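Below is one structure, written out as structure tokens; comments come after it.
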Amino acid sequence: MPCRRSHKNSHHGCTQCKLRRVKCDQEQPRCTRCKNNGRDCTYKHLMSTYNPFRDYSNTVFLSGSRVALEISQQGTGVLAGLTTTSPRGFPSLPSKTPPPLCNELSVFDLITAQLLHHYSTEVSLTFTSSDAQVEVLLCFHDAITRHSFGYPYVYHAILAVSALHLASLTPALEPTSQSLSPHVVTALSHKSSAIETLRPVINSMTSLTCEPALAASGLLTVCAFALLHVGMASDTIDLLAQIMILYRGTVAIFQAGRQDPNASPSATIPKLRQFVATATSTEKPWPGAEAAVSKVLAKISELRGASENAMKRKNALLDAGFKLRTALRRAAAARGVYNVACIWLATVHPTFIEAIKARDHFSLILLAHWVIPLRYVNDIWWVQGWSEKTIQAVWQEVGSQHPDLLQWVLEETGNDTHDDRHQLEAS
């Protein structure tokens, strides 16, 4: 008897495909194989008895399945229609014609409905709060709500961010536990689905898919930042390199959208362009920061090497340093503004990102200088703690060789970081 054709393991596949020992595409809430065969489709990591909303009232849970059905029946723009006046109860839902994706979703499972509820009543507040003072986030929020159920990559990215936010609020498991939080498992599954469904769209971008792709890419960047808060950032430096790649990808989608001659002035990308231009048009001297980066640039200028790779590395470092000096002046003029603090990530050359992955000393030192403006971003939950973690990781890598180049960074971070420095020196 011929053996069954081999296939890659599907670690997060649905229960039905696992029982039949066939490959599952992990599409949620219903995989393609089960949908085509008219079978029920369940995922163990989403349909477990674990209740991530156990602190919510019983009323919410009793009405959860009804709300899930209403969402699937009433359809489009659900997130846009969800109100935030009653964070402990399900809001009313609009009645509109379902978009393509929603037609495929016969009914949401309870966990998915509650993740959507959590996103609309808790997570989305970061995008719409006046405290954040970031019009760019509000533009992203508008795009997310418009395309939440029309495009699978936006839908899965929303659920991933919501699950990660819940995981960040959930007490961590015991240090000896080898298991991931159920929230994290759910988030990683949706993150994977978002990436898989977004990838072919990126390779063949159209004016129709540009805006939803931009929304999904922005949400995936949020996911990468949020991994720090759920114990998934074992290598802070490597994760930051991934975030830089995501930022560059998001900006590439944005630039592609700018070239659309048919874009309405009220569309997301033209508004984003206006807000970014306004936010980055003002600079203010930051003498300590500029002097510190200039000191690093002087050291980079002294690098010697005649090979093509050595020259390429030196040029990428110098380019990143000069851009960082400008970025810090902009951050000084718009202190605490998230998109101004992060814009440098999207401007560096890919060679610089590779240098970070390779633990190049000067690239890491520049990275430590960049995270200082993040300390002033107080209302964006996913960037909290990144400054301290990054500086600690950089110090462990290069602190003993270049303490003078990190002096300003340590002074800016205050006594806590100085204590960390002394502990590292003692070890």
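Each chain in the structure tokens gets a letter, A, B, ..., in the order shown, and its residues are numbered from 1; ligands are numbered from 1 in order too.
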
Write out as a PDB file with N, CA, C and O atoms, in the first residue's frame which residues come within 8 Å of Leu374 of chain A when counting only C-alpha atoms, dropping same-chain ones fewer than 5 positions away.
ATOM      1  N   GLY A 336       6.844  63.160  23.307  1.00  0.00           N
ATOM      2  CA  GLY A 336       5.750  62.292  23.704  1.00  0.00           C
ATOM      3  C   GLY A 336       4.830  61.874  22.580  1.00  0.00           C
ATOM      4  O   GLY A 336       3.894  61.114  22.806  1.00  0.00           O
ATOM      5  N   TYR A 338       3.972  59.684  19.560  1.00  0.00           N
ATOM      6  CA  TYR A 338       4.392  58.331  19.196  1.00  0.00           C
ATOM      7  C   TYR A 338       4.988  58.239  17.799  1.00  0.00           C
ATOM      8  O   TYR A 338       6.091  57.717  17.610  1.00  0.00           O
ATOM      9  N   ALA A 341       8.367  59.878  17.474  1.00  0.00           N
ATOM     10  CA  ALA A 341       9.412  59.128  18.161  1.00  0.00           C
ATOM     11  C   ALA A 341       9.852  57.908  17.366  1.00  0.00           C
ATOM     12  O   ALA A 341      11.002  57.480  17.454  1.00  0.00           O
ATOM     13  N   CYS A 342       8.935  57.334  16.580  1.00  0.00           N
ATOM     14  CA  CYS A 342       9.214  56.067  15.903  1.00  0.00           C
ATOM     15  C   CYS A 342       9.600  56.213  14.436  1.00  0.00           C
ATOM     16  O   CYS A 342      10.010  55.212  13.821  1.00  0.00           O
ATOM     17  N   VAL A 383       4.331  50.488  23.701  1.00  0.00           N
ATOM     18  CA  VAL A 383       5.742  50.915  23.721  1.00  0.00           C
ATOM     19  C   VAL A 383       6.271  51.091  25.143  1.00  0.00           C
ATOM     20  O   VAL A 383       7.464  51.357  25.319  1.00  0.00           O
ATOM     21  N   GLN A 384       5.418  50.920  26.135  1.00  0.00           N
ATOM     22  CA  GLN A 384       5.868  51.088  27.508  1.00  0.00           C
ATOM     23  C   GLN A 384       6.921  50.023  27.842  1.00  0.00           C
ATOM     24  O   GLN A 384       6.762  48.850  27.541  1.00  0.00           O
ATOM     25  N   TRP A 386       9.871  49.639  26.628  1.00  0.00           N
ATOM     26  CA  TRP A 386      10.836  49.341  25.583  1.00  0.00           C
ATOM     27  C   TRP A 386      12.155  50.090  25.775  1.00  0.00           C
ATOM     28  O   TRP A 386      13.234  49.562  25.470  1.00  0.00           O
ATOM     29  N   SER A 387      12.083  51.303  26.262  1.00  0.00           N
ATOM     30  CA  SER A 387      13.302  52.091  26.446  1.00  0.00           C
ATOM     31  C   SER A 387      14.253  51.403  27.418  1.00  0.00           C
ATOM     32  O   SER A 387      15.428  51.178  27.129  1.00  0.00           O
TER      33      SER A 387
END

(request) Would you kindly return, as a VMD selection string, each protein, DNA or RNA residue with an atom no farther than 7 Å from any atom of segment 360-370 of chain A, considering only C-alpha atoms and excluding same-chain residues fewer than 2 positions away? (result) chain A and resid 317 321 324 352 355 to 356 358 372 to 373 390 to 391 394 398 406 409

(request) Run DSSP on the backbone and grab whatever in segment 221-382 of chain A lands in helix (DSSP H, G or I); send it over as a PyMOL selection string. (result) chain A and resi 221-230+236-258+268-279+287-301+308-333+338-346+350-357+361-370+372-376+381-382

Against segment 134-143 of chain A, which residues of segment 233-319 of chain A fall within 8 Å? For each one I want the closest pair of atoms and the distance in Å (one decimal), counting only C-alpha atoms, rows by chain and increasing residue number, as a Markdown table.
| residue | atom | partner | partner_atom | distance |
| --- | --- | --- | --- | --- |
| A:Thr268 | CA | A:Cys139 | CA | 5.8 |
| A:Lys271 | CA | A:Cys139 | CA | 7.2 |
| A:Leu272 | CA | A:Val136 | CA | 5.9 |
| A:Phe275 | CA | A:Val136 | CA | 6.4 |
| A:Val276 | CA | A:Val136 | CA | 7.2 |

Output all heavy atoms of each residue in that selection to a file, as an mmCIF file, in the first residue's frame.
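Written file, out-v4.cif:
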data_model
loop_
_atom_site.group_PDB
_atom_site.id
_atom_site.type_symbol
_atom_site.label_atom_id
_atom_site.label_comp_id
_atom_site.auth_asym_id
_atom_site.auth_seq_id
_atom_site.Cartn_x
_atom_site.Cartn_y
_atom_site.Cartn_z
ATOM 1 N N THR A 268 -7.708 57.485 3.974
ATOM 2 C CA THR A 268 -6.733 57.395 5.063
ATOM 3 C C THR A 268 -5.350 57.864 4.655
ATOM 4 O O THR A 268 -4.710 58.651 5.364
ATOM 5 C CB THR A 268 -6.659 55.943 5.566
ATOM 6 O OG1 THR A 268 -7.909 55.602 6.161
ATOM 7 C CG2 THR A 268 -5.561 55.790 6.603
ATOM 8 N N LYS A 271 -4.729 61.654 4.313
ATOM 9 C CA LYS A 271 -4.755 62.271 5.641
ATOM 10 C C LYS A 271 -3.495 61.934 6.423
ATOM 11 O O LYS A 271 -2.942 62.774 7.127
ATOM 12 C CB LYS A 271 -6.007 61.825 6.401
ATOM 13 C CG LYS A 271 -7.289 62.434 5.880
ATOM 14 C CD LYS A 271 -8.448 62.248 6.839
ATOM 15 C CE LYS A 271 -8.850 60.808 6.976
ATOM 16 N NZ LYS A 271 -10.044 60.622 7.841
ATOM 17 N N LEU A 272 -3.039 60.683 6.309
ATOM 18 C CA LEU A 272 -1.799 60.289 6.976
ATOM 19 C C LEU A 272 -0.632 61.133 6.478
ATOM 20 O O LEU A 272 0.210 61.572 7.265
ATOM 21 C CB LEU A 272 -1.513 58.808 6.718
ATOM 22 C CG LEU A 272 -2.167 57.788 7.634
ATOM 23 C CD1 LEU A 272 -1.860 56.374 7.138
ATOM 24 C CD2 LEU A 272 -1.680 57.951 9.064
ATOM 25 N N PHE A 275 -0.746 64.526 8.149
ATOM 26 C CA PHE A 275 -0.395 64.513 9.568
ATOM 27 C C PHE A 275 1.095 64.247 9.779
ATOM 28 O O PHE A 275 1.729 64.861 10.641
ATOM 29 C CB PHE A 275 -1.223 63.459 10.300
ATOM 30 C CG PHE A 275 -2.672 63.812 10.459
ATOM 31 C CD1 PHE A 275 -3.659 62.865 10.252
ATOM 32 C CD2 PHE A 275 -3.053 65.094 10.815
ATOM 33 C CE1 PHE A 275 -5.000 63.186 10.399
ATOM 34 C CE2 PHE A 275 -4.388 65.438 10.956
ATOM 35 C CZ PHE A 275 -5.366 64.484 10.746
ATOM 36 N N VAL A 276 1.658 63.331 8.997
ATOM 37 C CA VAL A 276 3.082 63.021 9.136
ATOM 38 C C VAL A 276 3.919 64.235 8.744
ATOM 39 O O VAL A 276 4.903 64.582 9.420
ATOM 40 C CB VAL A 276 3.453 61.800 8.278
ATOM 41 C CG1 VAL A 276 4.977 61.621 8.227
ATOM 42 C CG2 VAL A 276 2.815 60.533 8.839
#

(request) For Tyr153 of chain A, please output as an MDAnalysis selection string all residues within 12 Å (counting only C-alpha atoms; exclusion window: fewer than 2 positions along the same chain). (result) chainID A and resid 27:28 101 144 147:151 155:160 190:202 209 211:220

(message) Using Å and a single decimal, report how far atom CA of Ser294 of chain A sits from atom CA of Arg329 of chain A.
(response)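 Atom-to-atom, atom CA of Arg329 of chain A to atom CA of Ser294 of chain A, that is 12.9 Å.
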
(request) Would you kindly return, as a PyMOL selection string, each protein, DNA or RNA residue with an atom no farther than 12 Å from any atom of Gln407 of chain A, considering only C-alpha atoms and excluding same-chain residues fewer than 4 positions away? (result) chain A and resi 288-289+291-293+295-296+365+368-369+391+395+399-400+402-403+411-414+417-418+421
